[in-house]
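Heads up: the structure comes next, in structure tokens.
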Protein chains: 2
Amino acid sequence: MKKSSLSDIAKCLNVSPALVSIVLNNRGDEKGISSATQMKVMEKAKELRYKPNMLARGLRLGNSKTIGLIVADISNIFYSKIAKSIEHIAASHGYNLIFCSSDEDPEKEIRLIEMLRERQVDGIIVSTSQHTTSIFNLLKKEKFPFVLIDRPLPRLTGHYVGVDNYAGAFQATEQLIENGHKRIAFLRITPAYLKNINDREAGFKAALRKHKIRLKSGMIREIGFNTIHEDVQRELDNLLQQPDPINAIFTSNNNVAVNCLEYLGSTHYKIPEDVAIISFDDIDLFRFYVPSVTAISQPVEKIGESAVRIILNAIQQPTNGSYEQIVLPTNLIVRQSCGKPRNGNMLSNNEINS
Amino acid sequence: MKKSSLSDIAKCLNVSPALVSIVLNNRGDEKGISSATQMKVMEKAKELRYKPNMLARGLRLGNSKTIGLIVADISNIFYSKIAKSIEHIAASHGYNLIFCSSDEDPEKEIRLIEMLRERQVDGIIVSTSQHTTSIFNLLKKEKFPFVLIDRPLPRLTGHYVGVDNYAGAFQATEQLIENGHKRIAFLRITPAYLKNINDREAGFKAALRKHKIRLKSGMIREIGFNTIHEDVQRELDNLLQQPDPINAIFTSNNNVAVNCLEYLGSTHYKIPEDVAIISFDDIDLFRFYVPSVTAISQPVEKIGESAVRIILNAIQQPTNGSYEQIVLPTNLIVRQSCGKPRNGNMLSNNEINS
DNA sequence: TTTTTCATTTAAAACGTTTAAGTTTAATAA
DNA sequence: TTATTAAACTTAAACGTTTTAAATGAAAAA
């Protein structure tokens, strides 16, 4: 059984393909096609198992009803949750998703964007690894819809959805300070230009300033995206064995935190007595770890929701030059890893809005 | 700057679109286009930022260089890891992925398959929620390439990649038995017809039989996919408070296990002294939990790899009527939750092939 | 009877590619 | 010179839709 096309149906019924197209798009009444004919067409379509060819339709209509999604790593739960929410909402609007991993590689990301454009996606949602705005300015010039998520790009005026990284980091750091920790290290992921991470660093520094804690040099360490394990081992070794060792860690994301836990678990250091720890991004593991890990959680579903809403708007409306920049609040999830927990039950999530 | 097409380039240079097409597909020499002309075309293409329209090309060529991927839940780490591996390998062959979540809903899955076909994907990789083979038999009749992953379908002769669920479950159960546990409950996820889960159940039963342990009624409990939390609470309550309470749990997947840990963490039951636990699927959390959780791990990357290899083969070769069914071995990762660990270091992964 | 009107339906072009078959021009062989 | 061949390029159709403008035929009005 071969695939059947509009003209197959048309031939069977001795009508024109145009008529069949009209009927199957439910514009039969509007276009004054007799209901008898409409019936015939509908039935024949079902009989022949007709399925429209979206390539042809897309070519003709100039759209593909497809959205591109680019993230650094789809197997990171943070992104896969966003992806899930985006996929669901997009699907409910008749759009499907082509997803790609940039592997944190700016050049690959550009190739992916070009590939997606060749595939005629109607818009792109991207958690970018770029350090310049040029590819996006190019897209703007071509009036091609895109939304950045998670990671803003400093000098870019364009749609964006993310969280208040500064406030979240500020709150995280204060949480450590309020529990009596002063020698706090910030372990941040590379690349160094990522604005969201820089904002977290700024929030970290601001909290120290507010509490009159001098930021000693060497308290901010870079962890390479592809060498997290070794880097965490090395930096923590160093930070914990220096003359005036740290007593708290703030990590820029869940991956770094997990590696810290792994390191600490293999040493004699006790959490939180010897070293307290708090992480950006909340993941299941943190609830279950003993002691449970305090974290800043991000509203992943809301990020996905907003991104889809914005991109669909941008696709459907002609660009009017205005851009939405949505900054969502984070939540501090207080658990045990920063000091005496505020309440006894290790599994309760004491949420405080930032 | 508008998008430019082949004919735009052609017009600029006073040549035919056909020539431009030939040159840009690197068949200029083969087709005897002078190198001067080839140069001109290449340069003009670059100058006009020409990007081929894959919809048009796909329409003409009858393919889309796209593969569909359907899983129950992309935010489940098991699937997102498979997705990652599939995406990478497919991309390296010039194929991209449209992914969709079936949410464990057979009807939705069928709609997704139809959608993917309308989009003219060249093949589909699916972890199916179907309980009949009909949709796939239909695909077979239409000679449309597909590969099942993770979940086989009993009566379907078609490509499949998964693990030896029977052997894995057998080994898991033996692990409990060898540590002295005899009153073992199997918590399995619904729907009841899933072959992979049934195979795990069969492996479970076989191990009991081998060790002459009678399977008491009520030792196998169903956990609803959408009501995992409540169901686990209820069933464990019941299993642990009955006259002859269980002293070990074997869970059919990571989600159920996590919920068991959550339940046990909120009670006075100690792992593994009061209740031992072992899970199918290995996730990060299990390494970090205290005590660390013994699990059966699946070779997710290899599953992805094989699936892509098979689907690309099926796409490129005309169907020759033969099918690949790949059953990969699982690994038993011995940790602490089944009894005295075989070695002292909680973080070491003592892997034993099944 | 002829014209007008209306209800249906159709023809043809277009979207951007690719490719089989053909044409032109120039060079070579007879 | 004329026929042959080779090199370089073009034509036209096709993929499956959608849409605009036009055509058809029948009934109603003149």
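In the structure tokens, the first chain shown is A, the next is B, and so on; residue numbers restart at 1 for each chain, and ligands run from 1 in the order shown.
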Residue list for chain A near chain B as a VMD selection string, 9 Å, only C-alpha atoms: chain A and resid 1 to 3 51 to 56 58 to 59 64 73 to 84 87 to 88 91 96 to 101 114 to 115 117 to 120 141 to 143 258 261 to 262 265 to 266 284 to 286 288 to 290 345 to 347
Should the cut-off be 9 Å, what would the residue list for chain C against chain B look like, counting only C-alpha atoms (C1' of nucleotides), as number ranges by chain? C: 15-19
Sorted by chain and rising residue number, which residues of chain D lie within 7 Å of chain B, and what are their closest atom pairs and distances in Å to one decimal, counting only C-alpha atoms (C1' of nucleotides), as CSV?
```
residue,atom,partner,partner_atom,distance
D:DA7,C1',B:Gly32,CA,6.9
D:DA8,C1',B:Ile33,CA,6.0
D:DT10,C1',B:Ser16,CA,6.4
D:DC15,C1',B:Arg60,CA,4.3
```
Can you pull out the residues contacting range 26-28 of chain C? Cut-off 10 Å, using only C-alpha atoms (C1' of nucleotides), and skip same-chain residues under 5 positions away; I want them as a PyMOL selection string. chain D and resi 4-7
DA30 in chain C environment, 12 Å, only C-alpha atoms (C1' of nucleotides), sequence neighbours closer than 5 positions dropped, as a ChimeraX atom specification: /D:1-4
May I have the selected residues written with C-alpha atoms (C1' of nucleotides), as a JSON list (two decimals), in the first residue's frame?
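Result written to selection_18.json:
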```
[["chain", "number", "residue", "atom", "x", "y", "z"],
["D", 1, "DT", "C1'", 34.15, 20.35, -45.73],
["D", 2, "DT", "C1'", 31.18, 17.57, -42.94],
["D", 3, "DA", "C1'", 30.30, 14.37, -39.40],
["D", 4, "DT", "C1'", 31.42, 13.17, -34.68]]
```
For Ile86 in chain B, work out the shell of residues within 7 Å, counting only C-alpha atoms (C1' of nucleotides) and skipping chain neighbours fewer than 6 positions away, then give it as JSON, numbers by chain. {"B": [304, 305, 308]}
Residues of range 62-185 of chain A in strand (DSSP E or B) according to DSSP, as an NGL selection string? :A and (66-71 or 96-101 or 123-126 or 146-149 or 160-163 or 184-185)
For Arg234 in chain A, find every residue with an atom within 12 Å (counting only C-alpha atoms (C1' of nucleotides)), except residues of its own chain fewer than 6 positions away, and show them as a tab-separated table (two decimals) with N, CA and C atoms, in the first residue's frame.
```
chain	number	residue	atom	x	y	z
A	187	LEU	N	32.27	27.63	43.83
A	187	LEU	CA	32.77	26.80	42.74
A	187	LEU	C	31.89	27.03	41.52
A	221	ARG	N	36.59	29.53	42.41
A	221	ARG	CA	37.35	28.60	41.59
A	221	ARG	C	36.55	28.19	40.35
A	222	GLU	N	37.29	28.02	39.27
A	222	GLU	CA	36.66	27.61	38.01
A	222	GLU	C	36.67	26.09	37.86
A	223	ILE	N	35.56	25.55	37.50
A	223	ILE	CA	35.45	24.11	37.24
A	223	ILE	C	35.13	23.92	35.76
A	224	GLY	N	35.96	23.19	35.05
A	224	GLY	CA	35.75	23.00	33.62
A	224	GLY	C	34.55	22.10	33.32
A	227	THR	N	35.63	18.66	32.66
A	227	THR	CA	36.59	18.07	33.59
A	227	THR	C	36.12	18.29	35.01
A	228	ILE	N	34.81	18.26	35.18
A	228	ILE	CA	34.23	18.56	36.49
A	228	ILE	C	34.85	17.72	37.59
A	240	LEU	N	40.52	22.94	51.18
A	240	LEU	CA	40.33	22.39	52.53
A	240	LEU	C	41.64	22.18	53.26
A	241	GLN	N	42.73	22.20	52.51
A	241	GLN	CA	44.02	21.93	53.16
A	241	GLN	C	44.88	23.17	53.27
A	259	ASN	N	29.48	16.45	42.46
A	259	ASN	CA	30.89	16.07	42.54
A	259	ASN	C	31.52	16.45	43.87
A	260	CYS	N	31.05	17.55	44.45
A	260	CYS	CA	31.53	17.91	45.78
A	260	CYS	C	31.08	16.86	46.80
A	263	TYR	N	33.21	13.91	46.54
A	263	TYR	CA	34.51	14.15	47.15
A	263	TYR	C	34.42	14.07	48.68
```
Pick out the closest residue to Ala295 in chain B from this set: B:Ser217, B:Gln317, B:Asn196, B:Thr173. Count only C-alpha atoms.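 Of all the options, B:Thr173 lies closest to Ala295 in chain B.
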